[in-house]
Amino acid sequence: MDLGLRDRVYLVTGGSKGLGFATAEALVADGACVVVSSRTAESVRAAVDTLGDNARGLTADNADPSTAQRLLDLAINEFGRVDGALISVGGPPATGPLEATDEQWRDAFESVFLGAIRTARVVADAMTEGAIALVLSTSVKSPIAGLAISNGLRPGLAMWAKQLADEVGPRGMRVVSLLPGSVLTDRMRQLAPDRAAQDRVAASIPLRRMGDPKEFGRVAAFALSPAASYLTGCVIPVDGGSLRAL
Ligand SMILES: NC(=O)c1ccc[n+]([C@@H]2O[C@H](COP(=O)([O-])OP(=O)(O)OC[C@H]3O[C@@H](n4cnc5c(N)ncnc54)[C@H](OP(=O)(O)O)[C@@H]3O)[C@@H](O)[C@H]2O)c1
């Protein structure tokens with residue numbers, strides 16, 4: 001199947017590693033151009049080197065109000081257009097519901113919540129058609145033990161994305177939320193640091209293994225591509241079947 005990605009241009013925040021990088025790789029593999037961003041210059045450089053000529057990079061924090069516009073400007077200056085965005089970011093700290101401090105909530109709200117909304121807003125304003133995908137979590141549908149801030153913020157973002165899909169749909173723009181389960185990235189290695197912990201996670205997944213980031217990247221690239229032209233206003237779990245809800 002031709003995904004129709006050739007020469008299309010996507011912003012990928014949190015794109016130097018993990019799920020963002022895997023999506024950038026899948027987009028570029030099918031002929032798209034990407035602008036990847038993250039906070040660490042060295043990581044951004046390494047990602048762009050690996051992705052090749054179709055990639056540009058920006059060192060920027062999603063919590064910074066100027067990041068979204070800077071990303072868009074870079075895409076327009078370098079590639080002349082923008083066709084969508086994958087909005088990923090570092091996960092919020094692991095805490096219980098009564099332990100998370102005000103500061104942790106505020107920090108996560110700035111980068112995870114407001115950062116996503118700002119990026120989507122800027123991209124939606126710049127496009128007449130195209131697609132926006134938010135990297136959220138299965139915590140949109142079911143709470144994850146020990147991740148109170150994710151449980152608190154992600155469902156709200158998913159509902160905001162649903163309303164955005166209503167609003168921009170008439171112009172031919174699509175919005176989807178992606179719900180990773182347990183995909184073996186640096187983030188997952190922090191949450192399940194050793195083999196025994198990873199085995200315990202894997203044992204609870206119907207496919208009996210964690211996902212490979214490339215498996216997530218392929219789903220995300222499809223969801224962003226013109227081939228997914230009737231997909232919008234929905235959530236797409238990429239979780240090996242682990243969610244206990246349809
Ligand atoms: N992996 C999973 O199974 C899983 C499951 C559920 C939800 N999620 C969520 O999916 C998102 C991505 O997860 P991941 O596994 O890809 O994480 P990861 O491996 O830690 O990668 C995160 C990426 O985002 C960048 N980043 C972190 N904070 C940022 C910020 N404030 N602004 C811009 N870039 C930032 C990091 O680079 P720098 O450090 O250079 O900024 C890195 O490139 C997270 O929100 C995570 O909670 C992941």
# chains A, B, ... in the order shown; residues from 1 in each chain; ligands from 1
call {"tool": "residues_around", "arguments": {"residues": "stretch 233-242 of chain A", "least_positions_apart": "6", "cutoff": "6 Å", "atoms": "only C-alpha atoms", "output": "PyMOL selection string"}}
result
chain A and resi 162+165+175-181+205-207
call {"tool": "residues_around", "arguments": {"residues": "stretch 171-174 of chain A", "least_positions_apart": "6", "cutoff": "12 Å", "atoms": "only C-alpha atoms", "output": "ChimeraX atom specification"}}
result
/A:83-85,120,123-134,161-165,223-234
call {"tool": "write_last_selection", "arguments": {"atoms": "C-alpha atoms", "output": "short mmCIF file (atom, residue, chain, number, x, y, z; two decimals), in the first residue's frame"}}
result
data_model
loop_
_atom_site.label_atom_id
_atom_site.label_comp_id
_atom_site.auth_asym_id
_atom_site.auth_seq_id
_atom_site.Cartn_x
_atom_site.Cartn_y
_atom_site.Cartn_z
CA ASP A 83 1.12 18.39 6.42
CA GLY A 84 0.84 17.43 10.04
CA ALA A 85 2.43 16.75 13.39
CA ALA A 120 -1.72 21.44 17.67
CA VAL A 123 -0.24 23.44 13.14
CA ALA A 124 -4.02 23.56 12.71
CA ASP A 125 -3.83 27.28 11.92
CA ALA A 126 -1.11 26.67 9.32
CA MET A 127 -2.78 23.84 7.38
CA THR A 128 -5.86 23.63 5.22
CA GLU A 129 -5.78 19.85 5.39
CA GLY A 130 -3.51 17.31 7.06
CA ALA A 131 -3.32 15.32 10.29
CA ILE A 132 -2.34 15.79 13.92
CA ALA A 133 -1.57 12.81 16.18
CA LEU A 134 -1.12 13.13 19.94
CA ALA A 161 -8.36 16.27 20.72
CA LYS A 162 -11.81 14.79 20.08
CA GLN A 163 -13.35 18.26 20.09
CA LEU A 164 -10.56 19.60 17.89
CA ALA A 165 -11.37 16.83 15.39
CA ALA A 223 -2.44 7.46 11.07
CA LEU A 224 -0.72 10.66 9.87
CA SER A 225 -0.66 9.63 6.23
CA PRO A 226 -3.21 10.35 3.49
CA ALA A 227 -3.88 6.58 3.44
CA ALA A 228 -5.73 7.03 6.75
CA SER A 229 -8.00 9.68 5.21
CA TYR A 230 -11.21 8.58 7.01
CA LEU A 231 -9.61 8.20 10.46
CA THR A 232 -10.30 11.05 12.85
CA GLY A 233 -11.72 11.84 16.29
CA CYS A 234 -10.61 8.45 17.59
#
call {"tool": "residues_near_ligand", "arguments": {"ligand": "ligand 1", "cutoff": "7 Å", "atoms": "only C-alpha atoms and all ligand atoms", "output": "NGL selection string"}}
result
:A and (13-21 or 37-41 or 43-44 or 60-63 or 88-92 or 111-112 or 135-138 or 179-188)
call {"tool": "atom_distance", "arguments": {"atom1": "atom CA of A:Leu98", "atom2": "atom CA of A:Pro193"}}
result
23.8 Å
call {"tool": "select_by_dssp", "arguments": {"residues": "stretch 153-239 of chain A", "states": "strand (DSSP E)", "output": "ChimeraX atom specification"}}
result
/A:173-180,234-238
call {"tool": "select_by_dssp", "arguments": {"residues": "stretch 3-245 of chain A", "states": "helix (DSSP H, G or I)", "output": "PyMOL selection string"}}
result
chain A and resi 18-29+41-51+67-79+102-126+138-140+148-171+186-191+195-203+213-224+226-228
call {"tool": "write_last_selection", "arguments": {"atoms": "C-alpha atoms", "output": "mmCIF file, in the first residue's frame"}}
result
data_model
loop_
_atom_site.group_PDB
_atom_site.id
_atom_site.type_symbol
_atom_site.label_atom_id
_atom_site.label_comp_id
_atom_site.auth_asym_id
_atom_site.auth_seq_id
_atom_site.Cartn_x
_atom_site.Cartn_y
_atom_site.Cartn_z
ATOM 1 C CA GLY A 18 11.614 6.743 21.652
ATOM 2 C CA LEU A 19 8.167 6.800 20.077
ATOM 3 C CA GLY A 20 8.695 10.167 18.381
ATOM 4 C CA PHE A 21 11.925 9.069 16.751
ATOM 5 C CA ALA A 22 10.412 5.746 15.651
ATOM 6 C CA THR A 23 7.579 7.674 13.992
ATOM 7 C CA ALA A 24 10.020 10.034 12.287
ATOM 8 C CA GLU A 25 11.912 6.990 10.984
ATOM 9 C CA ALA A 26 8.731 5.428 9.589
ATOM 10 C CA LEU A 27 7.660 8.713 7.965
ATOM 11 C CA VAL A 28 11.060 9.242 6.344
ATOM 12 C CA ALA A 29 11.214 5.605 5.203
ATOM 13 C CA ALA A 41 20.993 19.434 21.201
ATOM 14 C CA GLU A 42 23.140 16.308 21.036
ATOM 15 C CA SER A 43 20.092 14.004 20.820
ATOM 16 C CA VAL A 44 18.520 16.149 18.123
ATOM 17 C CA ARG A 45 21.764 16.118 16.122
ATOM 18 C CA ALA A 46 22.091 12.351 16.434
ATOM 19 C CA ALA A 47 18.478 11.842 15.347
ATOM 20 C CA VAL A 48 18.863 14.089 12.287
ATOM 21 C CA ASP A 49 22.119 12.333 11.325
ATOM 22 C CA THR A 50 20.367 8.966 11.480
ATOM 23 C CA LEU A 51 17.260 10.147 9.636
ATOM 24 C CA THR A 67 8.468 26.125 20.448
ATOM 25 C CA ALA A 68 5.461 25.396 18.238
ATOM 26 C CA GLN A 69 5.902 28.486 16.060
ATOM 27 C CA ARG A 70 9.664 27.903 15.767
ATOM 28 C CA LEU A 71 9.035 24.351 14.578
ATOM 29 C CA LEU A 72 6.512 25.505 12.018
ATOM 30 C CA ASP A 73 8.814 28.271 10.760
ATOM 31 C CA LEU A 74 11.657 25.785 10.323
ATOM 32 C CA ALA A 75 9.444 23.386 8.371
ATOM 33 C CA ILE A 76 8.200 26.156 6.065
ATOM 34 C CA ASN A 77 11.693 27.626 5.543
ATOM 35 C CA GLU A 78 13.327 24.252 4.872
ATOM 36 C CA PHE A 79 10.585 22.305 3.084
ATOM 37 C CA ASP A 102 1.958 21.067 42.925
ATOM 38 C CA GLU A 103 5.263 21.701 41.183
ATOM 39 C CA GLN A 104 5.198 18.280 39.489
ATOM 40 C CA TRP A 105 1.638 18.882 38.315
ATOM 41 C CA ARG A 106 2.505 22.364 37.004
ATOM 42 C CA ASP A 107 5.624 21.171 35.183
ATOM 43 C CA ALA A 108 3.769 18.280 33.563
ATOM 44 C CA PHE A 109 0.844 20.531 32.667
ATOM 45 C CA GLU A 110 3.202 22.939 30.877
ATOM 46 C CA SER A 111 5.047 20.331 28.814
ATOM 47 C CA VAL A 112 2.562 17.460 28.414
ATOM 48 C CA PHE A 113 -0.743 19.342 28.317
ATOM 49 C CA LEU A 114 -0.261 22.964 27.240
ATOM 50 C CA GLY A 115 2.705 22.049 25.051
ATOM 51 C CA ALA A 116 0.523 19.632 23.079
ATOM 52 C CA ILE A 117 -2.347 22.096 22.757
ATOM 53 C CA ARG A 118 -0.061 24.905 21.612
ATOM 54 C CA THR A 119 1.598 22.732 18.979
ATOM 55 C CA ALA A 120 -1.716 21.436 17.666
ATOM 56 C CA ARG A 121 -3.116 24.976 17.564
ATOM 57 C CA VAL A 122 -0.198 26.364 15.570
ATOM 58 C CA VAL A 123 -0.238 23.443 13.136
ATOM 59 C CA ALA A 124 -4.023 23.561 12.709
ATOM 60 C CA ASP A 125 -3.828 27.276 11.915
ATOM 61 C CA ALA A 126 -1.112 26.671 9.323
ATOM 62 C CA THR A 138 -3.559 3.803 27.736
ATOM 63 C CA SER A 139 -4.157 5.931 30.862
ATOM 64 C CA VAL A 140 -6.722 7.740 28.683
ATOM 65 C CA ALA A 148 -1.103 9.604 38.766
ATOM 66 C CA ILE A 149 -0.102 12.632 36.693
ATOM 67 C CA SER A 150 -0.469 10.718 33.433
ATOM 68 C CA ASN A 151 -3.838 9.408 34.680
ATOM 69 C CA GLY A 152 -4.878 12.966 35.469
ATOM 70 C CA LEU A 153 -3.734 14.739 32.300
ATOM 71 C CA ARG A 154 -4.060 12.317 29.395
ATOM 72 C CA PRO A 155 -7.843 11.744 29.442
ATOM 73 C CA GLY A 156 -8.410 15.503 29.287
ATOM 74 C CA LEU A 157 -6.076 15.834 26.320
ATOM 75 C CA ALA A 158 -7.853 13.002 24.511
ATOM 76 C CA MET A 159 -11.211 14.729 24.952
ATOM 77 C CA TRP A 160 -9.729 18.038 23.822
ATOM 78 C CA ALA A 161 -8.361 16.266 20.721
ATOM 79 C CA LYS A 162 -11.809 14.793 20.078
ATOM 80 C CA GLN A 163 -13.353 18.263 20.093
ATOM 81 C CA LEU A 164 -10.560 19.599 17.886
ATOM 82 C CA ALA A 165 -11.369 16.833 15.389
ATOM 83 C CA ASP A 166 -14.969 18.109 15.276
ATOM 84 C CA GLU A 167 -13.823 21.633 14.678
ATOM 85 C CA VAL A 168 -11.208 21.061 11.961
ATOM 86 C CA GLY A 169 -12.886 18.082 10.247
ATOM 87 C CA PRO A 170 -14.958 20.256 7.885
ATOM 88 C CA ARG A 171 -11.699 21.638 6.432
ATOM 89 C CA ASP A 186 14.083 4.820 27.478
ATOM 90 C CA ARG A 187 10.904 5.884 29.272
ATOM 91 C CA MET A 188 9.815 2.282 29.707
ATOM 92 C CA ARG A 189 13.332 1.323 30.839
ATOM 93 C CA GLN A 190 13.003 3.965 33.587
ATOM 94 C CA LEU A 191 9.661 2.572 34.727
ATOM 95 C CA ARG A 195 14.845 -7.722 33.248
ATOM 96 C CA ALA A 196 12.646 -9.055 36.059
ATOM 97 C CA ALA A 197 10.463 -5.919 36.008
ATOM 98 C CA GLN A 198 10.228 -6.020 32.202
ATOM 99 C CA ASP A 199 9.268 -9.699 32.315
ATOM 100 C CA ARG A 200 6.487 -8.897 34.796
ATOM 101 C CA VAL A 201 5.124 -6.211 32.464
ATOM 102 C CA ALA A 202 5.358 -8.553 29.467
ATOM 103 C CA ALA A 203 3.500 -11.307 31.329
ATOM 104 C CA PRO A 213 9.203 1.342 19.060
ATOM 105 C CA LYS A 214 9.141 0.577 15.321
ATOM 106 C CA GLU A 215 5.758 -1.122 15.795
ATOM 107 C CA PHE A 216 4.424 2.110 17.254
ATOM 108 C CA GLY A 217 6.129 4.223 14.574
ATOM 109 C CA ARG A 218 4.430 2.331 11.754
ATOM 110 C CA VAL A 219 0.967 2.838 13.273
ATOM 111 C CA ALA A 220 1.640 6.524 13.874
ATOM 112 C CA ALA A 221 2.992 7.071 10.338
ATOM 113 C CA PHE A 222 -0.087 5.387 8.885
ATOM 114 C CA ALA A 223 -2.437 7.459 11.068
ATOM 115 C CA LEU A 224 -0.718 10.661 9.874
ATOM 116 C CA PRO A 226 -3.210 10.349 3.488
ATOM 117 C CA ALA A 227 -3.881 6.579 3.437
ATOM 118 C CA ALA A 228 -5.735 7.027 6.750
#
call {"tool": "atom_distance", "arguments": {"atom1": "atom CA of A:Pro97", "atom2": "atom CA of A:Gly211"}}
result
27.0 Å
call {"tool": "atom_distance", "arguments": {"atom1": "atom CA of A:Pro143", "atom2": "atom CA of A:Ile87"}}
result
21.3 Å
call {"tool": "closest_residue", "arguments": {"among": "A:Ala100, A:Met1, A:Leu86, A:Leu246", "to": "A:Val34", "atoms": "only C-alpha atoms"}}
result
A:Leu86
call {"tool": "decode", "arguments": {"residues": "stretch 66-93 of chain A", "atoms": "N, CA and C atoms", "output": "mmCIF file, in the first residue's frame"}}
result
data_model
loop_
_atom_site.group_PDB
_atom_site.id
_atom_site.type_symbol
_atom_site.label_atom_id
_atom_site.label_comp_id
_atom_site.auth_asym_id
_atom_site.auth_seq_id
_atom_site.Cartn_x
_atom_site.Cartn_y
_atom_site.Cartn_z
ATOM 1 N N SER A 66 7.224 29.354 22.816
ATOM 2 C CA SER A 66 7.641 29.718 21.449
ATOM 3 C C SER A 66 7.965 28.495 20.580
ATOM 4 N N THR A 67 7.982 27.306 21.180
ATOM 5 C CA THR A 67 8.468 26.125 20.448
ATOM 6 C C THR A 67 7.633 25.799 19.210
ATOM 7 N N ALA A 68 6.323 25.823 19.348
ATOM 8 C CA ALA A 68 5.461 25.396 18.238
ATOM 9 C C ALA A 68 5.697 26.273 17.001
ATOM 10 N N GLN A 69 5.725 27.583 17.207
ATOM 11 C CA GLN A 69 5.902 28.486 16.060
ATOM 12 C C GLN A 69 7.296 28.312 15.452
ATOM 13 N N ARG A 70 8.306 28.105 16.294
ATOM 14 C CA ARG A 70 9.664 27.903 15.767
ATOM 15 C C ARG A 70 9.743 26.645 14.906
ATOM 16 N N LEU A 71 9.057 25.598 15.362
ATOM 17 C CA LEU A 71 9.035 24.351 14.578
ATOM 18 C C LEU A 71 8.367 24.575 13.227
ATOM 19 N N LEU A 72 7.243 25.253 13.268
ATOM 20 C CA LEU A 72 6.512 25.505 12.018
ATOM 21 C C LEU A 72 7.367 26.342 11.072
ATOM 22 N N ASP A 73 7.988 27.396 11.606
ATOM 23 C CA ASP A 73 8.814 28.271 10.760
ATOM 24 C C ASP A 73 9.944 27.482 10.106
ATOM 25 N N LEU A 74 10.563 26.585 10.878
ATOM 26 C CA LEU A 74 11.657 25.785 10.323
ATOM 27 C C LEU A 74 11.159 24.882 9.195
ATOM 28 N N ALA A 75 10.004 24.273 9.409
ATOM 29 C CA ALA A 75 9.444 23.386 8.371
ATOM 30 C C ALA A 75 9.149 24.173 7.098
ATOM 31 N N ILE A 76 8.555 25.351 7.252
ATOM 32 C CA ILE A 76 8.200 26.156 6.065
ATOM 33 C C ILE A 76 9.479 26.643 5.367
ATOM 34 N N ASN A 77 10.448 27.128 6.146
ATOM 35 C CA ASN A 77 11.693 27.626 5.543
ATOM 36 C C ASN A 77 12.460 26.522 4.828
ATOM 37 N N GLU A 78 12.500 25.339 5.419
ATOM 38 C CA GLU A 78 13.327 24.252 4.872
ATOM 39 C C GLU A 78 12.604 23.448 3.797
ATOM 40 N N PHE A 79 11.297 23.218 3.992
ATOM 41 C CA PHE A 79 10.585 22.305 3.084
ATOM 42 C C PHE A 79 9.400 22.950 2.370
ATOM 43 N N GLY A 80 9.014 24.146 2.801
ATOM 44 C CA GLY A 80 7.984 24.899 2.075
ATOM 45 C C GLY A 80 6.548 24.543 2.392
ATOM 46 N N ARG A 81 6.322 23.620 3.313
ATOM 47 C CA ARG A 81 4.932 23.239 3.612
ATOM 48 C C ARG A 81 4.887 22.455 4.917
ATOM 49 N N VAL A 82 3.688 22.251 5.431
ATOM 50 C CA VAL A 82 3.518 21.345 6.572
ATOM 51 C C VAL A 82 2.211 20.581 6.382
ATOM 52 N N ASP A 83 2.283 19.268 6.630
ATOM 53 C CA ASP A 83 1.124 18.395 6.416
ATOM 54 C C ASP A 83 0.646 17.728 7.690
ATOM 55 N N GLY A 84 1.328 18.027 8.806
ATOM 56 C CA GLY A 84 0.840 17.427 10.042
ATOM 57 C C GLY A 84 1.903 17.393 11.119
ATOM 58 N N ALA A 85 1.504 16.814 12.246
ATOM 59 C CA ALA A 85 2.429 16.751 13.387
ATOM 60 C C ALA A 85 2.154 15.526 14.238
ATOM 61 N N LEU A 86 3.246 14.943 14.723
ATOM 62 C CA LEU A 86 3.153 13.969 15.808
ATOM 63 C C LEU A 86 3.623 14.699 17.059
ATOM 64 N N ILE A 87 2.755 14.756 18.067
ATOM 65 C CA ILE A 87 3.092 15.506 19.278
ATOM 66 C C ILE A 87 3.400 14.515 20.388
ATOM 67 N N SER A 88 4.708 14.353 20.642
ATOM 68 C CA SER A 88 5.166 13.495 21.730
ATOM 69 C C SER A 88 6.009 14.355 22.661
ATOM 70 N N VAL A 89 6.259 13.863 23.859
ATOM 71 C CA VAL A 89 6.998 14.630 24.863
ATOM 72 C C VAL A 89 7.404 13.646 25.951
ATOM 73 N N GLY A 90 8.359 14.024 26.791
ATOM 74 C CA GLY A 90 8.735 13.137 27.887
ATOM 75 C C GLY A 90 7.571 12.899 28.829
ATOM 76 N N GLY A 91 7.489 11.695 29.366
ATOM 77 C CA GLY A 91 6.373 11.352 30.256
ATOM 78 C C GLY A 91 6.491 12.042 31.601
ATOM 79 N N PRO A 92 5.360 12.285 32.271
ATOM 80 C CA PRO A 92 5.399 12.915 33.603
ATOM 81 C C PRO A 92 5.990 11.950 34.628
ATOM 82 N N PRO A 93 6.453 12.489 35.778
ATOM 83 C CA PRO A 93 7.089 11.627 36.779
ATOM 84 C C PRO A 93 6.115 10.598 37.351
#
